[in-house]
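Dumped run-v7.txt below, it's compact mmCIF, C-alpha atoms:
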```txt
# COMPACT_ATOMS: atom_id res chain seq x y z
CA MET A 21 -37.87 46.21 -13.25
CA ARG A 22 -34.09 46.29 -13.20
CA ASP A 23 -32.13 46.34 -16.41
CA PRO A 24 -30.80 42.78 -16.91
CA ALA A 25 -27.43 44.25 -17.80
CA THR A 26 -27.13 45.63 -14.27
CA VAL A 27 -28.10 42.39 -12.51
CA PRO A 28 -24.99 40.91 -10.88
CA VAL A 29 -24.05 37.50 -12.25
CA THR A 30 -23.40 34.83 -9.62
CA PRO A 31 -21.82 31.80 -11.29
CA LEU A 32 -22.66 28.37 -9.99
CA PRO A 33 -19.69 26.36 -8.75
CA ARG A 34 -17.55 24.78 -11.46
CA LEU A 35 -17.03 21.04 -11.51
CA PRO A 36 -14.16 20.42 -9.08
CA ALA A 37 -11.05 18.72 -10.38
CA PRO A 38 -10.95 15.07 -9.34
CA ALA A 39 -8.74 14.38 -6.35
CA PRO A 40 -5.38 12.93 -7.40
CA ARG A 41 -5.09 9.20 -6.88
CA PRO A 42 -2.41 7.92 -4.51
CA VAL A 43 0.51 6.55 -6.53
CA ALA A 44 0.39 2.76 -6.51
CA LEU A 45 2.96 1.98 -9.21
CA GLU A 46 5.95 4.08 -10.30
CA ILE A 47 8.12 3.38 -13.33
CA GLU A 48 11.37 5.35 -13.43
CA GLY A 49 14.01 5.31 -16.17
CA LEU A 50 13.08 1.81 -17.33
CA TRP A 51 15.06 0.34 -20.24
CA LYS A 52 15.07 -3.05 -21.94
CA LEU A 53 17.78 -3.43 -24.55
CA PHE A 54 18.62 -6.46 -26.68
CA GLY A 55 22.10 -6.88 -28.09
CA ALA A 56 25.66 -7.87 -27.20
CA PRO A 57 26.39 -7.08 -23.53
CA ARG A 58 29.52 -5.08 -24.41
CA ASP A 59 27.55 -2.95 -26.88
CA ILE A 60 24.81 -2.28 -24.32
CA ALA A 61 27.41 -1.40 -21.66
CA ALA A 62 29.03 1.12 -24.03
CA LEU A 63 25.81 3.12 -24.43
CA ASP A 64 25.37 6.38 -22.54
CA LEU A 65 22.05 5.82 -20.78
CA PRO A 66 19.67 7.56 -20.35
CA ASP A 67 20.83 9.86 -23.17
CA ALA A 68 21.21 7.17 -25.83
CA THR A 69 19.41 8.19 -29.04
CA PRO A 70 17.83 5.78 -31.54
CA GLU A 71 20.81 6.50 -33.81
CA ALA A 72 23.25 5.52 -31.03
CA LEU A 73 21.38 2.26 -30.48
CA ALA A 74 21.45 1.49 -34.20
CA ARG A 75 25.19 2.14 -34.43
CA ARG A 76 25.77 -0.45 -31.70
CA ASN A 77 23.30 -2.88 -33.28
CA VAL A 78 21.21 -2.72 -30.10
CA VAL A 79 17.41 -3.01 -30.15
CA GLY A 80 15.61 -0.65 -27.78
CA ALA A 81 12.49 -2.60 -26.83
CA VAL A 82 11.75 -0.18 -23.95
CA CYS A 83 13.57 3.14 -23.82
CA ASP A 84 13.52 5.35 -20.72
CA ALA A 85 9.92 4.77 -19.63
CA ASN A 86 8.77 7.11 -16.85
CA PHE A 87 5.23 7.25 -15.47
CA THR A 88 3.05 6.53 -12.47
CA VAL A 89 -0.20 4.61 -12.14
CA GLY A 90 -2.71 5.73 -9.53
CA GLN A 91 -4.43 3.44 -7.09
CA GLY A 92 -7.57 2.03 -8.73
CA GLU A 93 -6.65 3.45 -12.16
CA VAL A 94 -7.02 1.61 -15.46
CA PHE A 95 -3.80 2.50 -17.30
CA VAL A 96 -3.57 1.27 -20.90
CA LEU A 97 -0.36 0.70 -22.86
CA MET A 98 -0.96 0.74 -26.57
CA GLY A 99 0.83 1.01 -29.86
CA LEU A 100 1.41 -0.88 -33.09
CA SER A 101 2.93 -4.36 -33.14
CA GLY A 102 6.57 -4.12 -32.11
CA SER A 103 6.15 -0.83 -30.26
CA GLY A 104 7.27 -2.38 -26.96
CA LYS A 105 4.02 -2.39 -24.99
CA SER A 106 4.05 -6.09 -24.02
CA THR A 107 7.76 -5.97 -23.25
CA LEU A 108 7.16 -3.00 -20.96
CA LEU A 109 4.42 -4.86 -19.07
CA ARG A 110 6.66 -7.90 -18.67
CA CYS A 111 9.48 -5.70 -17.39
CA MET A 112 7.05 -4.17 -14.88
CA THR A 113 6.35 -7.65 -13.49
CA ARG A 114 9.97 -8.82 -14.03
CA LEU A 115 8.85 -11.67 -16.24
CA ILE A 116 11.53 -10.06 -18.42
CA GLU A 117 14.54 -8.63 -16.60
CA PRO A 118 14.89 -4.87 -17.30
CA THR A 119 18.28 -3.59 -18.44
CA ARG A 120 18.04 -0.57 -16.17
CA GLY A 121 15.54 1.40 -14.10
CA ALA A 122 13.11 1.04 -11.21
CA VAL A 123 9.63 -0.43 -10.84
CA ARG A 124 8.21 0.62 -7.48
CA MET A 125 5.09 -1.22 -6.40
CA GLN A 126 3.64 0.38 -3.28
CA GLY A 127 7.12 1.69 -2.56
CA THR A 128 9.02 -1.59 -3.11
CA ASP A 129 11.43 -1.64 -6.06
CA LEU A 130 10.82 -4.93 -7.88
CA CYS A 131 14.08 -4.54 -9.77
CA ARG A 132 15.97 -4.88 -6.48
CA ALA A 133 13.76 -7.56 -4.93
CA SER A 134 15.25 -10.98 -4.22
CA PRO A 135 13.87 -13.95 -6.16
CA THR A 136 12.02 -15.11 -3.03
CA ALA A 137 10.49 -11.68 -2.41
CA LEU A 138 9.53 -11.36 -6.08
CA ILE A 139 7.73 -14.72 -6.07
CA GLU A 140 5.88 -13.72 -2.92
CA MET A 141 4.76 -10.42 -4.48
CA ARG A 142 3.57 -12.19 -7.62
CA ARG A 143 1.58 -14.66 -5.56
CA LYS A 144 -0.05 -12.12 -3.26
CA LYS A 145 -0.09 -8.75 -5.00
CA MET A 146 -0.24 -9.42 -8.76
CA GLY A 147 -2.93 -10.93 -10.94
CA MET A 148 -1.98 -11.61 -14.56
CA VAL A 149 -4.06 -12.41 -17.63
CA PHE A 150 -2.55 -13.09 -21.05
CA GLN A 151 -3.83 -13.62 -24.57
CA HIS A 152 -3.23 -17.38 -24.27
CA PHE A 153 -5.37 -18.72 -21.47
CA ALA A 154 -2.85 -21.31 -20.16
CA LEU A 155 -5.54 -23.26 -18.33
CA LEU A 156 -4.80 -26.64 -16.82
CA PRO A 157 -6.63 -29.10 -19.12
CA ASN A 158 -6.94 -31.81 -16.46
CA ARG A 159 -8.65 -29.47 -13.97
CA THR A 160 -12.24 -28.33 -13.97
CA VAL A 161 -13.33 -24.69 -13.93
CA LEU A 162 -13.43 -24.89 -10.14
CA GLY A 163 -10.01 -26.52 -9.96
CA ASN A 164 -8.36 -24.03 -12.29
CA ILE A 165 -9.61 -21.05 -10.30
CA ALA A 166 -8.72 -22.62 -6.94
CA PHE A 167 -5.22 -23.59 -8.10
CA PRO A 168 -3.36 -20.36 -7.10
CA LEU A 169 -4.85 -20.56 -3.63
CA GLU A 170 -3.80 -24.17 -3.24
CA VAL A 171 -0.26 -23.18 -4.28
CA GLN A 172 -0.30 -20.67 -1.44
CA GLY A 173 -1.17 -23.44 0.98
CA MET A 174 -4.84 -22.63 1.53
CA ALA A 175 -7.00 -25.55 2.61
CA ARG A 176 -8.89 -27.13 -0.28
CA ASP A 177 -12.35 -26.38 1.11
CA ALA A 178 -11.50 -22.71 1.63
CA ALA A 179 -9.89 -22.45 -1.81
CA GLU A 180 -12.92 -23.95 -3.50
CA ALA A 181 -15.28 -21.66 -1.56
CA ARG A 182 -13.32 -18.64 -2.83
CA ALA A 183 -13.30 -20.12 -6.35
CA ARG A 184 -17.10 -20.61 -6.29
CA ALA A 185 -17.59 -16.96 -5.35
CA LEU A 186 -15.41 -15.90 -8.29
CA ILE A 187 -17.25 -18.26 -10.65
CA GLU A 188 -20.43 -16.38 -9.80
CA THR A 189 -18.62 -13.03 -10.19
CA VAL A 190 -17.51 -13.78 -13.77
CA GLY A 191 -20.79 -15.40 -14.82
CA LEU A 192 -19.82 -19.07 -15.01
CA THR A 193 -22.29 -20.45 -12.47
CA GLY A 194 -23.39 -23.95 -13.45
CA ARG A 195 -20.12 -24.74 -15.24
CA GLU A 196 -18.01 -25.49 -12.16
CA ASP A 197 -17.40 -29.13 -13.11
CA ARG A 198 -16.63 -28.65 -16.79
CA TYR A 199 -13.15 -28.90 -18.27
CA PRO A 200 -11.60 -26.14 -20.44
CA ALA A 201 -12.05 -28.18 -23.64
CA GLN A 202 -15.81 -28.20 -23.01
CA LEU A 203 -16.04 -24.38 -22.98
CA SER A 204 -15.96 -21.60 -25.55
CA GLY A 205 -13.03 -19.22 -25.92
CA GLY A 206 -14.88 -16.47 -24.09
CA GLN A 207 -15.73 -18.81 -21.22
CA GLN A 208 -12.13 -19.98 -21.01
CA GLN A 209 -10.96 -16.38 -20.78
CA ARG A 210 -13.43 -15.80 -17.95
CA ILE A 211 -11.71 -18.64 -16.11
CA GLY A 212 -8.39 -16.89 -16.66
CA ILE A 213 -9.83 -13.64 -15.32
CA ALA A 214 -11.30 -15.35 -12.26
CA ARG A 215 -8.05 -17.25 -11.59
CA SER A 216 -6.06 -14.01 -11.73
CA LEU A 217 -8.35 -12.55 -9.07
CA ALA A 218 -8.33 -15.58 -6.77
CA THR A 219 -5.68 -14.17 -4.42
CA ASP A 220 -7.39 -10.75 -4.35
CA PRO A 221 -4.34 -8.98 -5.84
CA ALA A 222 -3.90 -5.22 -5.57
CA PHE A 223 -2.46 -5.07 -9.11
CA TRP A 224 -3.96 -6.55 -12.25
CA PHE A 225 -1.78 -6.93 -15.36
CA LEU A 226 -3.56 -7.86 -18.60
CA ASP A 227 -1.67 -8.38 -21.87
CA GLU A 228 -4.04 -8.31 -24.86
CA PRO A 229 -6.40 -10.69 -23.04
CA PHE A 230 -9.26 -10.38 -25.54
CA SER A 231 -7.42 -10.03 -28.88
CA ALA A 232 -7.93 -13.68 -29.94
CA LEU A 233 -11.69 -13.57 -29.36
CA ASP A 234 -14.57 -12.84 -31.71
CA PRO A 235 -15.78 -9.20 -31.70
CA LEU A 236 -19.05 -9.87 -29.84
CA ILE A 237 -17.36 -11.99 -27.17
CA ARG A 238 -14.64 -9.37 -26.91
CA ALA A 239 -17.20 -6.63 -26.30
CA ASP A 240 -18.91 -8.76 -23.66
CA LEU A 241 -15.64 -9.31 -21.82
CA GLN A 242 -14.80 -5.60 -21.99
CA ASP A 243 -18.14 -4.98 -20.30
CA GLU A 244 -17.26 -7.65 -17.75
CA LEU A 245 -13.89 -6.03 -17.08
CA LEU A 246 -15.52 -2.64 -16.49
CA ARG A 247 -18.12 -4.20 -14.21
CA LEU A 248 -15.46 -6.01 -12.19
CA GLN A 249 -13.36 -2.86 -11.95
CA ARG A 250 -16.29 -0.85 -10.60
CA HIS A 251 -16.75 -3.52 -7.96
CA LEU A 252 -13.11 -4.36 -7.14
CA ALA A 253 -11.20 -1.11 -7.91
CA LYS A 254 -7.92 -2.82 -8.79
CA THR A 255 -4.88 -0.96 -10.10
CA VAL A 256 -4.89 -2.15 -13.72
CA VAL A 257 -2.23 -2.09 -16.45
CA PHE A 258 -3.81 -3.26 -19.70
CA VAL A 259 -1.99 -3.83 -22.99
CA THR A 260 -3.82 -3.57 -26.31
CA HIS A 261 -3.21 -2.57 -29.92
CA ASP A 262 -6.91 -1.73 -30.36
CA LEU A 263 -7.65 1.98 -29.90
CA GLU A 264 -11.41 1.37 -29.63
CA GLU A 265 -10.78 -1.00 -26.73
CA ALA A 266 -8.38 1.43 -25.06
CA ILE A 267 -10.83 4.32 -25.27
CA ARG A 268 -13.60 2.19 -23.85
CA ILE A 269 -11.81 0.99 -20.73
CA ALA A 270 -8.98 3.44 -19.94
CA ASP A 271 -8.65 6.23 -17.43
CA ARG A 272 -5.37 7.12 -19.16
CA ILE A 273 -3.55 5.79 -22.21
CA ALA A 274 0.18 5.67 -22.95
CA ILE A 275 0.97 5.61 -26.67
CA MET A 276 4.24 3.83 -27.54
CA GLU A 277 6.35 4.10 -30.69
CA ALA A 278 9.58 2.17 -31.25
CA GLY A 279 10.01 1.43 -27.56
CA ARG A 280 9.36 4.97 -26.35
CA ILE A 281 6.28 6.49 -24.75
CA VAL A 282 5.32 9.48 -26.88
CA GLN A 283 2.23 10.66 -24.98
CA ILE A 284 0.28 9.82 -21.84
CA ASP A 285 -3.19 11.35 -21.53
CA THR A 286 -6.87 10.65 -21.09
CA PRO A 287 -8.72 9.39 -24.18
CA GLU A 288 -10.17 12.89 -24.56
CA GLY A 289 -6.73 14.48 -24.27
CA LEU A 290 -5.21 12.21 -26.90
CA VAL A 291 -7.95 12.99 -29.41
CA THR A 292 -8.19 16.74 -28.78
CA ARG A 293 -4.53 17.47 -27.94
CA PRO A 294 -2.26 14.96 -29.76
CA ALA A 295 1.38 15.68 -28.91
CA THR A 296 2.97 14.36 -32.13
CA ASP A 297 2.06 13.60 -35.72
CA TYR A 298 2.25 9.89 -34.84
CA VAL A 299 -0.39 10.28 -32.14
CA ARG A 300 -2.47 12.49 -34.42
CA ARG A 301 -2.50 9.77 -37.08
CA PHE A 302 -3.20 7.15 -34.44
CA VAL A 303 -6.38 8.86 -33.24
CA ALA A 304 -7.43 10.39 -36.58
CA ASN A 305 -10.46 8.11 -36.99
CA VAL A 306 -11.85 8.58 -33.48
CA ARG A 307 -14.99 10.70 -33.42
CA PRO A 308 -14.49 13.56 -30.91
CA ALA A 309 -18.02 12.98 -29.58
CA ARG A 310 -16.91 9.56 -28.31
CA VAL A 311 -14.36 11.02 -25.90
CA VAL A 312 -15.23 14.69 -25.27
CA ARG A 313 -17.11 15.03 -22.01
CA VAL A 314 -19.81 17.49 -21.11
CA ALA A 315 -17.57 18.99 -18.41
CA SER A 316 -15.08 20.09 -21.09
CA LEU A 317 -17.70 22.12 -22.96
CA MET A 318 -19.84 23.55 -20.16
CA ARG A 319 -19.66 27.17 -19.06
CA ALA A 320 -20.40 28.74 -15.69
CA ALA A 321 -24.07 29.33 -14.95
CA GLY A 322 -25.29 32.91 -14.63
CA VAL A 323 -28.59 34.39 -13.45
CA GLU A 324 -30.59 32.64 -16.16
CA ARG A 325 -30.56 28.92 -15.54
CA PRO A 326 -31.94 26.46 -18.10
CA THR A 327 -34.92 24.44 -16.92
CA GLY A 328 -34.60 21.37 -19.15
CA ASP A 329 -33.56 17.89 -18.14
CA PRO A 330 -29.98 17.95 -16.83
CA VAL A 331 -27.04 16.07 -18.33
CA ALA A 332 -24.20 14.53 -16.35
CA ALA A 333 -20.87 16.36 -16.38
CA ALA A 334 -19.01 13.06 -16.81
CA ALA A 335 -21.08 11.92 -19.83
CA THR A 336 -19.60 12.04 -23.31
CA ILE A 337 -21.27 14.06 -26.03
CA GLU A 338 -22.08 10.83 -27.86
CA GLU A 339 -23.92 9.52 -24.80
CA ILE A 340 -26.18 12.57 -24.62
CA ALA A 341 -26.70 12.85 -28.40
CA PRO A 342 -30.38 11.75 -28.33
CA ARG A 343 -31.09 14.44 -25.74
CA LEU A 344 -29.67 17.18 -27.96
CA LEU A 345 -32.35 16.70 -30.62
CA ALA A 346 -35.14 17.76 -28.28
CA ALA A 347 -33.16 20.16 -26.10
CA GLY A 348 -33.41 23.92 -25.93
CA PRO A 349 -30.39 26.17 -26.52
CA ASP A 350 -28.89 25.33 -23.12
CA LEU A 351 -28.87 22.28 -20.85
CA PRO A 352 -28.10 22.24 -17.13
CA VAL A 353 -25.08 20.15 -16.18
CA VAL A 354 -25.04 18.21 -12.93
CA SER A 355 -22.47 16.34 -10.89
CA GLY A 356 -23.32 14.59 -7.66
CA GLY A 357 -26.87 15.91 -7.88
CA VAL A 358 -25.68 19.55 -7.97
CA VAL A 359 -25.90 21.89 -10.96
CA VAL A 360 -22.30 22.77 -11.87
CA GLY A 361 -22.71 24.56 -15.21
CA ILE A 362 -24.49 24.98 -18.54
CA LEU A 363 -23.93 23.12 -21.79
CA GLY A 364 -24.63 25.06 -24.96
CA ARG A 365 -26.54 22.88 -27.43
CA ASP A 366 -24.74 24.39 -30.44
CA ALA A 367 -21.30 23.65 -28.98
CA ALA A 368 -22.32 20.06 -28.33
CA LEU A 369 -23.72 19.67 -31.84
CA ARG A 370 -20.48 20.94 -33.35
CA VAL A 371 -18.57 18.23 -31.49
CA LEU A 372 -21.16 15.68 -32.59
CA ALA A 373 -20.60 16.77 -36.17
CA GLY A 374 -16.89 16.04 -35.84
CA ASP A 375 -15.27 19.24 -34.58
CA ALA A 376 -12.80 18.75 -31.74
CA PRO A 377 -12.99 21.52 -29.12
```
Same coordinates, now as structure tokens:
Amino acid sequence: MRDPATVPVTPLPRLPAPAPRPVALEIEGLWKLFGAPRDIAALDLPDATPEALARRNVVGAVCDANFTVGQGEVFVLMGLSGSGKSTLLRCMTRLIEPTRGAVRMQGTDLCRASPTALIEMRRKKMGMVFQHFALLPNRTVLGNIAFPLEVQGMARDAAEARARALIETVGLTGREDRYPAQLSGGQQQRIGIARSLATDPAFWFLDEPFSALDPLIRADLQDELLRLQRHLAKTVVFVTHDLEEAIRIADRIAIMEAGRIVQIDTPEGLVTRPATDYVRRFVANVRPARVVRVASLMRAAGVERPTGDPVAAAATIEEIAPRLLAAGPDLPVVSGGVVVGILGRDAALRVLAGDAP
């Protein structure tokens, strides 16, 4: 028998890095300043500091925002009240006119688009959902959802057929003929979601859409959003002040403070690698096991391969917690049906106990 120390180790392939998403939305040097026009004009952008803004009595609602959003990505803007997240989203859709910068949507700069072109892009490429439902009280569920299509000139029968399909998609079947006042808050928000999807937009902008709802209804609609996103794969920009909500739905999160983006990262990256003390305080109460994924802890497989039930590389440590109680010292890690590494049980338990890797 050969000495195990002399047996060559052949590692199994590591989990490949995900392919980068094509850029769907690009924000470059975006500012929104409030104050006297002459004071704003006197500022040296983009190098204006918070102190320079204060000296001119100018409020920096959005200050030099720069980021991209990938096609099919759920990108969350979050921060405390007054941090600028809703203003940034409204600047991205030009519901508020930016002071300076570019918003490129599939290569077209919205900041340079004519009013006619902007209206056309909003009608055909953008779906929007806000905290206040803004439903038409004199229209039924069916009529509210069909309304954007009718505005576009679609025949009524075709618009209602599309609306009926969306009613089924958001779980409102059987309520087509009811009016908003006859529905609960959660059901009304489902109408708003369906209406925003009526034109099959490529981009979906949601500004705190669930914040006025009860916790259980809110959780249900978060589940609904995730289900719809798996099915529709929209490019989503979602505003929230709720970190739990952001972690649950986001591919990446941008943390804002006083109008500036201080860090953009995955939920796992924010918790395990906070860039500033502000971010560190922001995520201090998030259990690492909620966001740390198996892929981050696994090691390459050697000659000895564990024989227990495998765990998914994309799963969080919290999701596999029940498996750890009965597991051996090592668990095989799989992705796409292929073993890509080994998860040490002790390392996973340390994360479960609260240690960030």
Query raised in the report: Between A:Ala218, A:Thr160, A:Phe150, A:Pro326, which is the closest to Ala178 in chain A once you count all atoms listed in the file?
Result: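 Distance minimum relative to Ala178 in chain A lands on A:Ala218.
CA of Arg143 in chain A is positioned 8.2 Å from CA of Pro221 in chain A.
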Requested in this report: Find the residues near Lys105 in chain A: any atom within 9 Å, counting all atoms listed in the file, skip ones fewer than 3 places away on the same chain, and give them as a PyMOL selection string.
Outcome: chain A and resi 81-82+97-102+108-110+227+259-261+275-277+279
Query - Minimum-distance residue to Arg268 in chain A, chosen among A:Ser204, A:Gln242, A:Thr286, A:Gln249 (using all atoms listed in the file) - result: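 Among A:Ser204, A:Gln242, A:Thr286, A:Gln249, it is A:Gln242 that comes nearest to Arg268 in chain A.
Between CA of Ile273 in chain A and CA of Pro287 in chain A there is a distance of 6.6 Å.
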Report task. Pick out the residues sitting within 10 Å of range 367-377 of chain A, and hand them over as JSON, numbers by chain; count all atoms listed in the file, and ignore anything fewer than 2 positions along from it in its own chain. Result -> {"A": [288, 291, 292, 293, 306, 307, 308, 309, 310, 311, 312, 313, 314, 316, 317, 318, 336, 337, 338, 340, 341, 344, 345, 349, 350, 363, 364, 365]}
Would you output that residue set with C-alpha atoms, as a PDB file, in the frame of the given file?
```
ATOM      1  CA  GLU A 288     -10.170  12.890 -24.560  1.00  0.00           C
ATOM      2  CA  VAL A 291      -7.950  12.990 -29.410  1.00  0.00           C
ATOM      3  CA  THR A 292      -8.190  16.740 -28.780  1.00  0.00           C
ATOM      4  CA  ARG A 293      -4.530  17.470 -27.940  1.00  0.00           C
ATOM      5  CA  VAL A 306     -11.850   8.580 -33.480  1.00  0.00           C
ATOM      6  CA  ARG A 307     -14.990  10.700 -33.420  1.00  0.00           C
ATOM      7  CA  PRO A 308     -14.490  13.560 -30.910  1.00  0.00           C
ATOM      8  CA  ALA A 309     -18.020  12.980 -29.580  1.00  0.00           C
ATOM      9  CA  ARG A 310     -16.910   9.560 -28.310  1.00  0.00           C
ATOM     10  CA  VAL A 311     -14.360  11.020 -25.900  1.00  0.00           C
ATOM     11  CA  VAL A 312     -15.230  14.690 -25.270  1.00  0.00           C
ATOM     12  CA  ARG A 313     -17.110  15.030 -22.010  1.00  0.00           C
ATOM     13  CA  VAL A 314     -19.810  17.490 -21.110  1.00  0.00           C
ATOM     14  CA  SER A 316     -15.080  20.090 -21.090  1.00  0.00           C
ATOM     15  CA  LEU A 317     -17.700  22.120 -22.960  1.00  0.00           C
ATOM     16  CA  MET A 318     -19.840  23.550 -20.160  1.00  0.00           C
ATOM     17  CA  THR A 336     -19.600  12.040 -23.310  1.00  0.00           C
ATOM     18  CA  ILE A 337     -21.270  14.060 -26.030  1.00  0.00           C
ATOM     19  CA  GLU A 338     -22.080  10.830 -27.860  1.00  0.00           C
ATOM     20  CA  ILE A 340     -26.180  12.570 -24.620  1.00  0.00           C
ATOM     21  CA  ALA A 341     -26.700  12.850 -28.400  1.00  0.00           C
ATOM     22  CA  LEU A 344     -29.670  17.180 -27.960  1.00  0.00           C
ATOM     23  CA  LEU A 345     -32.350  16.700 -30.620  1.00  0.00           C
ATOM     24  CA  PRO A 349     -30.390  26.170 -26.520  1.00  0.00           C
ATOM     25  CA  ASP A 350     -28.890  25.330 -23.120  1.00  0.00           C
ATOM     26  CA  LEU A 363     -23.930  23.120 -21.790  1.00  0.00           C
ATOM     27  CA  GLY A 364     -24.630  25.060 -24.960  1.00  0.00           C
ATOM     28  CA  ARG A 365     -26.540  22.880 -27.430  1.00  0.00           C
TER      29      ARG A 365
END
```
Requested in this report: Would you list the residues near (-15.3, -20.8, -21.8) (no more than 12 Å away, in the coordinates of the file, using all atoms listed in the file) as a count of residues only?
Outcome: 31
Report summary line: re CA of Gln91 in chain A and CA of Val257 in chain A: distance 11.1 Å
Could you give me, as JSON lines, every range 158-244 of chain A residue with an atom at most 12 Å from range 43-46 of chain A, plus its closest atom pair and distance in Å to one decimal, counting all atoms listed in the file, rows ordered by chain then number?
```
{"residue": "A:Ala222", "atom": "CA", "partner": "A:Ala44", "partner_atom": "CA", "distance": 9.1}
{"residue": "A:Phe223", "atom": "CA", "partner": "A:Ala44", "partner_atom": "CA", "distance": 8.7}
{"residue": "A:Trp224", "atom": "CA", "partner": "A:Leu45", "partner_atom": "CA", "distance": 11.4}
{"residue": "A:Phe225", "atom": "CA", "partner": "A:Leu45", "partner_atom": "CA", "distance": 11.8}
```
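The closest residue to Arg319 in chain A, picked from A:Pro235, A:Pro352, A:Pro135, A:Gly357 and counting all atoms listed in the file, is A:Pro352.
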Report task. Rank nothing, just name the residue among A:Arg76, A:Arg132, A:Arg114, A:His152 nearest to Pro229 in chain A, using all atoms listed in the file. Result -> A:His152
Report task. For Arg124 in chain A, please output as a list in words all residues within 12 Å (counting only C-alpha atoms; exclusion window: fewer than 6 positions along the same chain). Result -> Val43, Ala44, Leu45, Glu46, Ile47, Glu48, Gly49, Leu50, Asn86, Phe87, Thr88, Val89, Cys111, Met112, Thr113, Arg114, Leu130, Cys131, Arg132, Ala133 and Met141 of chain A
Could the residues in this selection be written to a file with C-alpha atoms, as a compact mmCIF listing (two decimals), in the coordinates of the input?
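Listed below is the output, part10.txt:
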```txt
# COMPACT_ATOMS: atom_id res chain seq x y z
CA VAL A 43 0.51 6.55 -6.53
CA ALA A 44 0.39 2.76 -6.51
CA LEU A 45 2.96 1.98 -9.21
CA GLU A 46 5.95 4.08 -10.30
CA ILE A 47 8.12 3.38 -13.33
CA GLU A 48 11.37 5.35 -13.43
CA GLY A 49 14.01 5.31 -16.17
CA LEU A 50 13.08 1.81 -17.33
CA ASN A 86 8.77 7.11 -16.85
CA PHE A 87 5.23 7.25 -15.47
CA THR A 88 3.05 6.53 -12.47
CA VAL A 89 -0.20 4.61 -12.14
CA CYS A 111 9.48 -5.70 -17.39
CA MET A 112 7.05 -4.17 -14.88
CA THR A 113 6.35 -7.65 -13.49
CA ARG A 114 9.97 -8.82 -14.03
CA LEU A 130 10.82 -4.93 -7.88
CA CYS A 131 14.08 -4.54 -9.77
CA ARG A 132 15.97 -4.88 -6.48
CA ALA A 133 13.76 -7.56 -4.93
CA MET A 141 4.76 -10.42 -4.48
```
Query raised in the report: Which residues, written as a list of chain:residue names, have at least one atom at most 9 Å from Lys144 in chain A, with all atoms listed in the file counted and residues fewer than 2 positions away on the same chain left out?
Result: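 Contacts, with the query itself left out: A:Ile139, A:Glu140, A:Met141, A:Arg142, A:Met146, A:Gly147, A:Gln172, A:Thr219, A:Asp220, A:Pro221, A:Ala222.
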Query raised in the report: From the set A:Gly127, A:Pro168, A:Gly104, A:Gly194, which residue has the shortest atom-to-atom contact distance to Leu217 in chain A, counting all atoms listed in the file?
Result: A:Pro168
Write out as a tab-separated table the residues of range 102-163 of chain A that have any atom within 10 Å of an atom of range 59-66 of chain A, one row each with the nearest atom pair and its distance in Å to one decimal, counting all atoms listed in the file, sorted by chain and then rising number.
```
residue	atom	partner	partner_atom	distance
A:Thr119	CA	A:Ile60	CA	8.9
A:Arg120	CA	A:Leu65	CA	8.8
A:Gly121	CA	A:Pro66	CA	9.7
```
Please produce a file of those selected residues containing C-alpha atoms, as an mmCIF file, keeping the file's coordinate frame.
```cif
data_model
loop_
_atom_site.group_PDB
_atom_site.id
_atom_site.type_symbol
_atom_site.label_atom_id
_atom_site.label_comp_id
_atom_site.auth_asym_id
_atom_site.auth_seq_id
_atom_site.Cartn_x
_atom_site.Cartn_y
_atom_site.Cartn_z
ATOM 1 C CA THR A 119 18.280 -3.590 -18.440
ATOM 2 C CA ARG A 120 18.040 -0.570 -16.170
ATOM 3 C CA GLY A 121 15.540 1.400 -14.100
#
```
